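This is start39.txt. It holds compact mmCIF, C-alpha atoms and all ligand atoms.
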```
# COMPACT_ATOMS: atom_id res chain seq x y z
CA MET A 1 -42.26 -178.87 381.71
CA LYS A 2 -41.58 -179.58 385.38
CA ILE A 3 -38.72 -181.86 386.40
CA ALA A 4 -38.15 -183.27 389.88
CA ILE A 5 -34.60 -183.72 391.10
CA MET A 6 -34.45 -185.83 394.18
CA GLY A 7 -31.83 -187.06 396.62
CA ALA A 8 -32.03 -188.84 399.96
CA MET A 9 -29.59 -186.74 401.99
CA PRO A 10 -28.82 -182.99 402.13
CA GLU A 11 -25.36 -183.65 400.64
CA GLU A 12 -26.98 -185.18 397.56
CA ILE A 13 -28.97 -182.09 396.58
CA ALA A 14 -26.69 -179.31 397.93
CA PRO A 15 -24.56 -179.22 394.73
CA ILE A 16 -27.78 -178.78 392.70
CA LEU A 17 -29.16 -175.96 394.84
CA GLU A 18 -25.75 -174.25 394.59
CA LYS A 19 -26.17 -174.04 390.81
CA LEU A 20 -29.45 -172.13 391.10
CA SER A 21 -29.44 -168.40 391.69
CA GLU A 22 -32.89 -168.31 393.26
CA TYR A 23 -35.46 -170.77 394.55
CA LYS A 24 -38.66 -170.81 396.54
CA THR A 25 -38.83 -173.06 399.60
CA THR A 26 -42.04 -174.77 400.65
CA GLN A 27 -42.28 -176.85 403.82
CA TYR A 28 -44.64 -179.79 403.41
CA ALA A 29 -45.13 -183.11 405.23
CA GLY A 30 -41.87 -182.82 407.13
CA ASN A 31 -39.67 -181.88 404.17
CA ALA A 32 -38.48 -178.81 402.30
CA TYR A 33 -39.27 -178.58 398.57
CA TYR A 34 -37.26 -176.11 396.50
CA GLU A 35 -38.82 -174.72 393.32
CA ALA A 36 -36.86 -172.84 390.68
CA SER A 37 -37.00 -171.84 387.03
CA TYR A 38 -34.04 -173.12 385.11
CA LYS A 39 -33.36 -172.51 381.41
CA GLY A 40 -37.06 -172.02 380.69
CA ILE A 41 -38.40 -175.01 382.63
CA ASP A 42 -39.52 -175.56 386.22
CA LEU A 43 -37.61 -177.63 388.72
CA VAL A 44 -38.67 -179.04 392.06
CA ILE A 45 -35.82 -180.30 394.22
CA ALA A 46 -35.89 -182.15 397.54
CA TYR A 47 -34.09 -184.68 399.68
CA SER A 48 -36.37 -187.26 401.20
CA LYS A 49 -34.36 -188.55 404.18
CA ILE A 50 -32.94 -192.06 404.03
CA GLY A 51 -34.90 -195.19 403.16
CA LYS A 52 -37.79 -196.58 401.15
CA VAL A 53 -40.64 -195.06 403.17
CA PHE A 54 -39.36 -191.47 403.16
CA SER A 55 -38.36 -191.66 399.51
CA THR A 56 -41.80 -193.00 398.57
CA LEU A 57 -43.42 -190.07 400.36
CA THR A 58 -41.18 -187.47 398.73
CA ALA A 59 -41.45 -188.87 395.19
CA THR A 60 -45.23 -189.01 395.52
CA ILE A 61 -45.42 -185.42 396.75
CA MET A 62 -43.12 -184.17 393.99
CA ILE A 63 -45.45 -185.69 391.42
CA GLU A 64 -48.89 -185.27 392.98
CA ARG A 65 -48.52 -181.92 394.73
CA PHE A 66 -45.78 -180.22 392.72
CA GLY A 67 -46.75 -181.64 389.32
CA ALA A 68 -43.38 -183.16 388.32
CA GLN A 69 -43.57 -184.79 384.88
CA LYS A 70 -40.14 -186.46 384.99
CA LEU A 71 -38.04 -187.46 388.00
CA LEU A 72 -34.26 -187.68 388.21
CA PHE A 73 -32.63 -189.11 391.32
CA SER A 74 -29.07 -188.23 392.25
CA GLY A 75 -27.08 -189.86 395.02
CA VAL A 76 -24.51 -192.36 396.20
CA ALA A 77 -24.49 -196.16 396.33
CA GLY A 78 -22.49 -199.12 397.54
CA ALA A 79 -20.79 -201.14 394.78
CA ILE A 80 -21.51 -204.81 394.24
CA SER A 81 -19.90 -205.20 390.82
CA ALA A 82 -16.11 -205.38 391.09
CA THR A 83 -15.86 -203.01 388.12
CA LEU A 84 -17.40 -200.17 390.15
CA LYS A 85 -14.98 -198.12 392.24
CA VAL A 86 -15.48 -195.10 394.51
CA GLY A 87 -16.55 -192.10 392.41
CA ASP A 88 -17.75 -194.21 389.44
CA LEU A 89 -21.24 -193.56 388.09
CA ILE A 90 -23.99 -196.12 387.60
CA VAL A 91 -27.25 -195.56 385.75
CA ALA A 92 -30.04 -197.93 386.81
CA THR A 93 -31.61 -199.92 383.98
CA LYS A 94 -33.98 -201.57 386.47
CA LEU A 95 -34.41 -201.69 390.22
CA ALA A 96 -35.56 -204.23 392.81
CA GLN A 97 -36.28 -204.26 396.54
CA HIS A 98 -33.77 -206.69 398.02
CA ASP A 99 -35.42 -206.75 401.48
CA LEU A 100 -38.93 -207.57 400.28
CA ASP A 101 -39.47 -211.16 401.32
CA ILE A 102 -42.62 -213.25 401.20
CA THR A 103 -40.71 -216.30 400.02
CA ALA A 104 -42.55 -218.26 402.76
CA PHE A 105 -45.51 -218.21 400.34
CA GLY A 106 -43.48 -219.51 397.40
CA HIS A 107 -42.79 -216.13 395.80
CA PRO A 108 -39.35 -215.00 394.64
CA PHE A 109 -37.39 -212.45 396.67
CA GLY A 110 -38.45 -208.90 395.83
CA TYR A 111 -41.93 -209.90 394.69
CA VAL A 112 -45.40 -209.29 396.06
CA PRO A 113 -48.62 -210.19 394.22
CA GLU A 114 -49.62 -207.49 391.70
CA GLY A 115 -46.11 -206.05 391.85
CA ALA A 116 -42.98 -207.00 389.93
CA VAL A 117 -39.47 -207.90 391.08
CA PHE A 118 -37.94 -205.30 388.75
CA VAL A 119 -39.12 -201.85 387.69
CA GLU A 120 -37.46 -200.52 384.53
CA ALA A 121 -36.17 -196.97 384.28
CA ASP A 122 -37.02 -194.70 381.35
CA LYS A 123 -35.16 -195.88 378.25
CA GLU A 124 -35.05 -192.43 376.63
CA MET A 125 -33.28 -190.88 379.59
CA ILE A 126 -30.86 -193.82 379.71
CA LEU A 127 -30.05 -193.15 376.04
CA LEU A 128 -29.64 -189.46 376.79
CA SER A 129 -27.24 -190.33 379.60
CA LYS A 130 -24.91 -191.94 377.06
CA GLU A 131 -24.75 -188.62 375.19
CA VAL A 132 -24.12 -186.75 378.42
CA ALA A 133 -21.38 -189.20 379.39
CA SER A 134 -19.69 -188.78 376.04
CA ASP A 135 -20.02 -184.95 376.19
CA MET A 136 -18.44 -184.99 379.65
CA GLY A 137 -15.83 -187.58 378.72
CA LYS A 138 -17.03 -189.78 381.58
CA MET A 139 -17.50 -193.52 381.85
CA VAL A 140 -20.96 -194.44 383.05
CA GLN A 141 -21.91 -198.04 383.72
CA GLU A 142 -25.49 -199.23 383.27
CA GLY A 143 -26.74 -201.86 385.65
CA VAL A 144 -29.25 -203.23 388.10
CA ILE A 145 -29.67 -201.40 391.39
CA ALA A 146 -31.02 -203.18 394.47
CA THR A 147 -32.70 -201.16 397.20
CA GLY A 148 -33.46 -201.97 400.84
CA ASP A 149 -33.85 -200.43 404.26
CA GLN A 150 -30.36 -201.50 405.29
CA PHE A 151 -26.94 -199.90 405.09
CA VAL A 152 -25.04 -202.94 403.81
CA ALA A 153 -21.60 -203.30 405.34
CA ASN A 154 -21.24 -207.03 404.99
CA GLU A 155 -19.63 -209.01 402.19
CA GLU A 156 -21.98 -211.97 402.58
CA ARG A 157 -25.16 -209.86 402.37
CA LYS A 158 -23.75 -207.86 399.47
CA ASN A 159 -22.90 -211.05 397.55
CA TRP A 160 -26.34 -212.48 398.24
CA ILE A 161 -27.98 -209.33 396.86
CA GLY A 162 -25.64 -209.45 393.87
CA SER A 163 -26.42 -213.04 392.99
CA THR A 164 -30.15 -212.97 393.81
CA PHE A 165 -30.95 -209.84 391.78
CA HIS A 166 -27.92 -209.75 389.42
CA ALA A 167 -27.43 -206.33 390.97
CA ASP A 168 -24.41 -204.13 390.35
CA ALA A 169 -24.97 -201.60 393.13
CA LEU A 170 -27.14 -201.17 396.18
CA GLU A 171 -28.71 -198.27 397.99
CA MET A 172 -31.77 -197.38 400.06
CA GLU A 173 -34.24 -195.40 397.89
CA GLY A 174 -34.09 -196.17 394.16
CA ALA A 175 -36.58 -199.02 393.88
CA SER A 176 -39.22 -197.30 396.01
CA VAL A 177 -38.96 -194.15 393.86
CA ALA A 178 -39.20 -196.43 390.81
CA VAL A 179 -42.41 -198.02 392.10
CA VAL A 180 -44.00 -194.59 392.65
CA CYS A 181 -42.99 -193.26 389.22
CA ASP A 182 -44.08 -196.44 387.46
CA ALA A 183 -47.49 -196.38 389.18
CA LEU A 184 -48.00 -192.70 388.31
CA ASN A 185 -46.61 -193.00 384.75
CA VAL A 186 -43.78 -190.56 385.36
CA PRO A 187 -40.53 -191.34 383.47
CA PHE A 188 -37.64 -191.67 385.90
CA PHE A 189 -33.85 -191.82 385.87
CA ILE A 190 -31.74 -193.03 388.79
CA LEU A 191 -28.07 -192.15 388.90
CA ARG A 192 -25.66 -193.06 391.68
CA SER A 193 -22.00 -192.45 392.29
CA ILE A 194 -20.17 -195.08 394.30
CA SER A 195 -19.24 -194.14 397.88
CA ASP A 196 -18.19 -197.58 399.21
CA ALA A 197 -18.02 -201.29 398.47
CA ALA A 198 -20.79 -202.40 400.90
CA ASP A 199 -18.17 -204.39 402.81
CA MET A 200 -16.83 -204.19 406.36
CA ASP A 201 -15.17 -200.83 405.58
CA ALA A 202 -18.35 -199.38 404.07
CA SER A 203 -19.28 -196.96 406.84
CA PHE A 204 -15.77 -195.39 406.86
CA SER A 205 -15.68 -195.19 403.08
CA PHE A 206 -19.21 -193.73 403.01
CA ASP A 207 -18.26 -190.99 405.49
CA GLU A 208 -15.12 -190.19 403.55
CA PHE A 209 -16.61 -190.12 400.05
CA LEU A 210 -20.28 -189.15 400.51
CA GLU A 211 -19.68 -185.51 399.60
CA THR A 212 -17.32 -185.97 396.63
CA SER A 213 -19.37 -188.83 395.17
CA ALA A 214 -22.60 -186.85 395.65
CA VAL A 215 -21.05 -183.98 393.67
CA GLU A 216 -20.09 -186.36 390.82
CA SER A 217 -23.66 -187.59 390.62
CA ALA A 218 -25.27 -184.12 390.94
CA GLU A 219 -23.09 -182.65 388.18
CA PHE A 220 -24.09 -185.44 385.84
CA VAL A 221 -27.79 -185.09 386.67
CA MET A 222 -27.68 -181.33 385.98
CA LYS A 223 -26.11 -182.08 382.58
CA MET A 224 -29.01 -184.49 382.01
CA VAL A 225 -31.43 -181.67 382.76
CA ASP A 226 -29.53 -179.42 380.33
CA LYS A 227 -29.97 -182.07 377.62
CA LEU A 228 -33.66 -182.47 378.43
CA VAL A 229 -34.29 -178.74 377.95
CA GLU A 230 -32.24 -178.47 374.72
N1 LIG B 1 -25.60 -196.08 399.97
C1 LIG B 1 -24.28 -195.93 399.82
N2 LIG B 1 -23.60 -196.99 400.31
C2 LIG B 1 -24.54 -197.84 400.78
C3 LIG B 1 -24.49 -199.10 401.42
N3 LIG B 1 -23.32 -199.70 401.68
N4 LIG B 1 -25.65 -199.68 401.78
C4 LIG B 1 -26.83 -199.08 401.53
N5 LIG B 1 -26.94 -197.89 400.94
C5 LIG B 1 -25.82 -197.27 400.56
```

What would the structure in this file look like if it were written as structure tokens?
Amino acid sequence: MKIAIMGAMPEEIAPILEKLSEYKTTQYAGNAYYEASYKGIDLVIAYSKIGKVFSTLTATIMIERFGAQKLLFSGVAGAISATLKVGDLIVATKLAQHDLDITAFGHPFGYVPEGAVFVEADKEMILLSKEVASDMGKMVQEGVIATGDQFVANEERKNWIGSTFHADALEMEGASVAVVCDALNVPFFILRSISDAADMDASFSFDEFLETSAVESAEFVMKMVDKLVE
């Protein structure tokens, strides 16, 4: 079995690479891909760079070139739901692109013909995440994640995304990775740890908590991998 572990930024995959004693690095299409054996399975690990386009490219390459059969994404997100605080974990049940807009043609936000507003994450891995959470004694919230090519640092925009998509958190890669995995029939799991509240203080909070929140998420994702290989 080959599992892809993906992040958007170096900080999001560094804690995962640190856990591996050895890996092989391949440069391809402007990114580094790290391959390792881990507890009898193969891993491919990469960070895509920020945003929907780069994450689409990386997810596709992990599947099509490196042969990943499952994909787990680890990273940070801005909170929409008031119950999510810095450092809390959210597992995506489904994801939408909040900046996809052809409403001028009568379509809902996040929709284009032959697509869908929401893409659902793999139910088995979501179930597994409940076991991992209980093993680790951690609270993990399930919810909707909204993705767009914007760092949201504005209460009004955040609230609009929350009410339009019933979203609990927002970030910049999840829904594009979801579209790729769904199209290629690869089960996926998207986990995020909160770094900020997507409000006027978001950029300061993000800078302060990126590293610690990324570690929270990466540790959980590695425990997910451990469960998958059991
Ligand atoms: N990732 C983490 N915080 C974010 C925010 N406020 N907007 C977009 N992506 C994020």

Q. Which is closer to A:Glu171 than all the others in A:Ala92, A:Met139, A:Ala183, A:Leu127, using all atoms listed in the file?
A. A:Ala92

Q.
Can you pull out every residue with an atom within 9 Å of ligand LIG 1 (chain B)? Use all atoms listed in the file and format it as JSON, numbers by chain.
A. {"A": [50, 51, 75, 76, 77, 78, 79, 147, 148, 149, 150, 151, 152, 153, 154, 158, 169, 170, 171, 172, 173, 192, 193, 194, 195, 196, 197, 198, 199, 202, 203, 205, 206, 210]}

Could you give me the axis-aligned bounding box of stretch 20-39 of chain A, with 4 Å of padding per side, as centre plus edge lengths in Å to one decimal, as lines of an AutoDock Vina configuration file?
```
center_x = -37.3
center_y = -175.7
center_z = 394.3
size_x = 23.7
size_y = 22.8
size_z = 33.7
```

Q: Could you jot down the atom CA of A:Ile41 to atom CA of A:Lys130 separation for me, Å, one decimal place?
A: 22.4 Å

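The residue that comes closest to A:His166, out of A:Met62, A:Leu191, A:Ala14, A:Ile145 and on the basis of all atoms listed in the file, is A:Ile145.
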
**Q.** Shell of 9 Å around A:Met224, only C-alpha atoms, local chain residues under 4 positions omitted, as a PyMOL selection string
**A.** chain A and resi 72+125+128-129+132+219-220+228-229

**Q.** Selected residue of minimal separation from A:Ser74 among A:Glu142, A:Asp201, A:Glu11, A:Glu22, counting all atoms listed in the file
**A.**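 Ranked by minimum distance to A:Ser74, first place goes to A:Glu11.
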
Q. Which one is closest to A:Asn159: A:Ala82, A:Lys94, A:Thr103, A:Ile190? Count all atoms listed in the file.
A. A:Ala82

Q: Have a look at A:Val144, A:Val215, A:Ile45, A:Ile161 and name the one nearest to A:Ile90; count all atoms listed in the file.
A: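 Of A:Val144, A:Val215, A:Ile45, A:Ile161, the one nearest A:Ile90, counting all atoms listed in the file, is A:Val144.
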
**Q.** Proximity to A:Gly87 - best of A:Asp168, A:Lys138, A:Gly162, A:Cys181, all atoms listed in the file
**A.**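 Using all atoms listed in the file, the shortest distance to A:Gly87 belongs to A:Lys138.
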
Q. To one decimal place, how far is atom CA of A:Glu156 from atom CA of A:Lys49 in Å?
A.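 Answer for the atom CA of A:Glu156 to atom CA of A:Lys49 separation: 26.5 Å.
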
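Atom CA of A:Tyr47 is positioned 12.4 Å from atom CA of A:Ala214.
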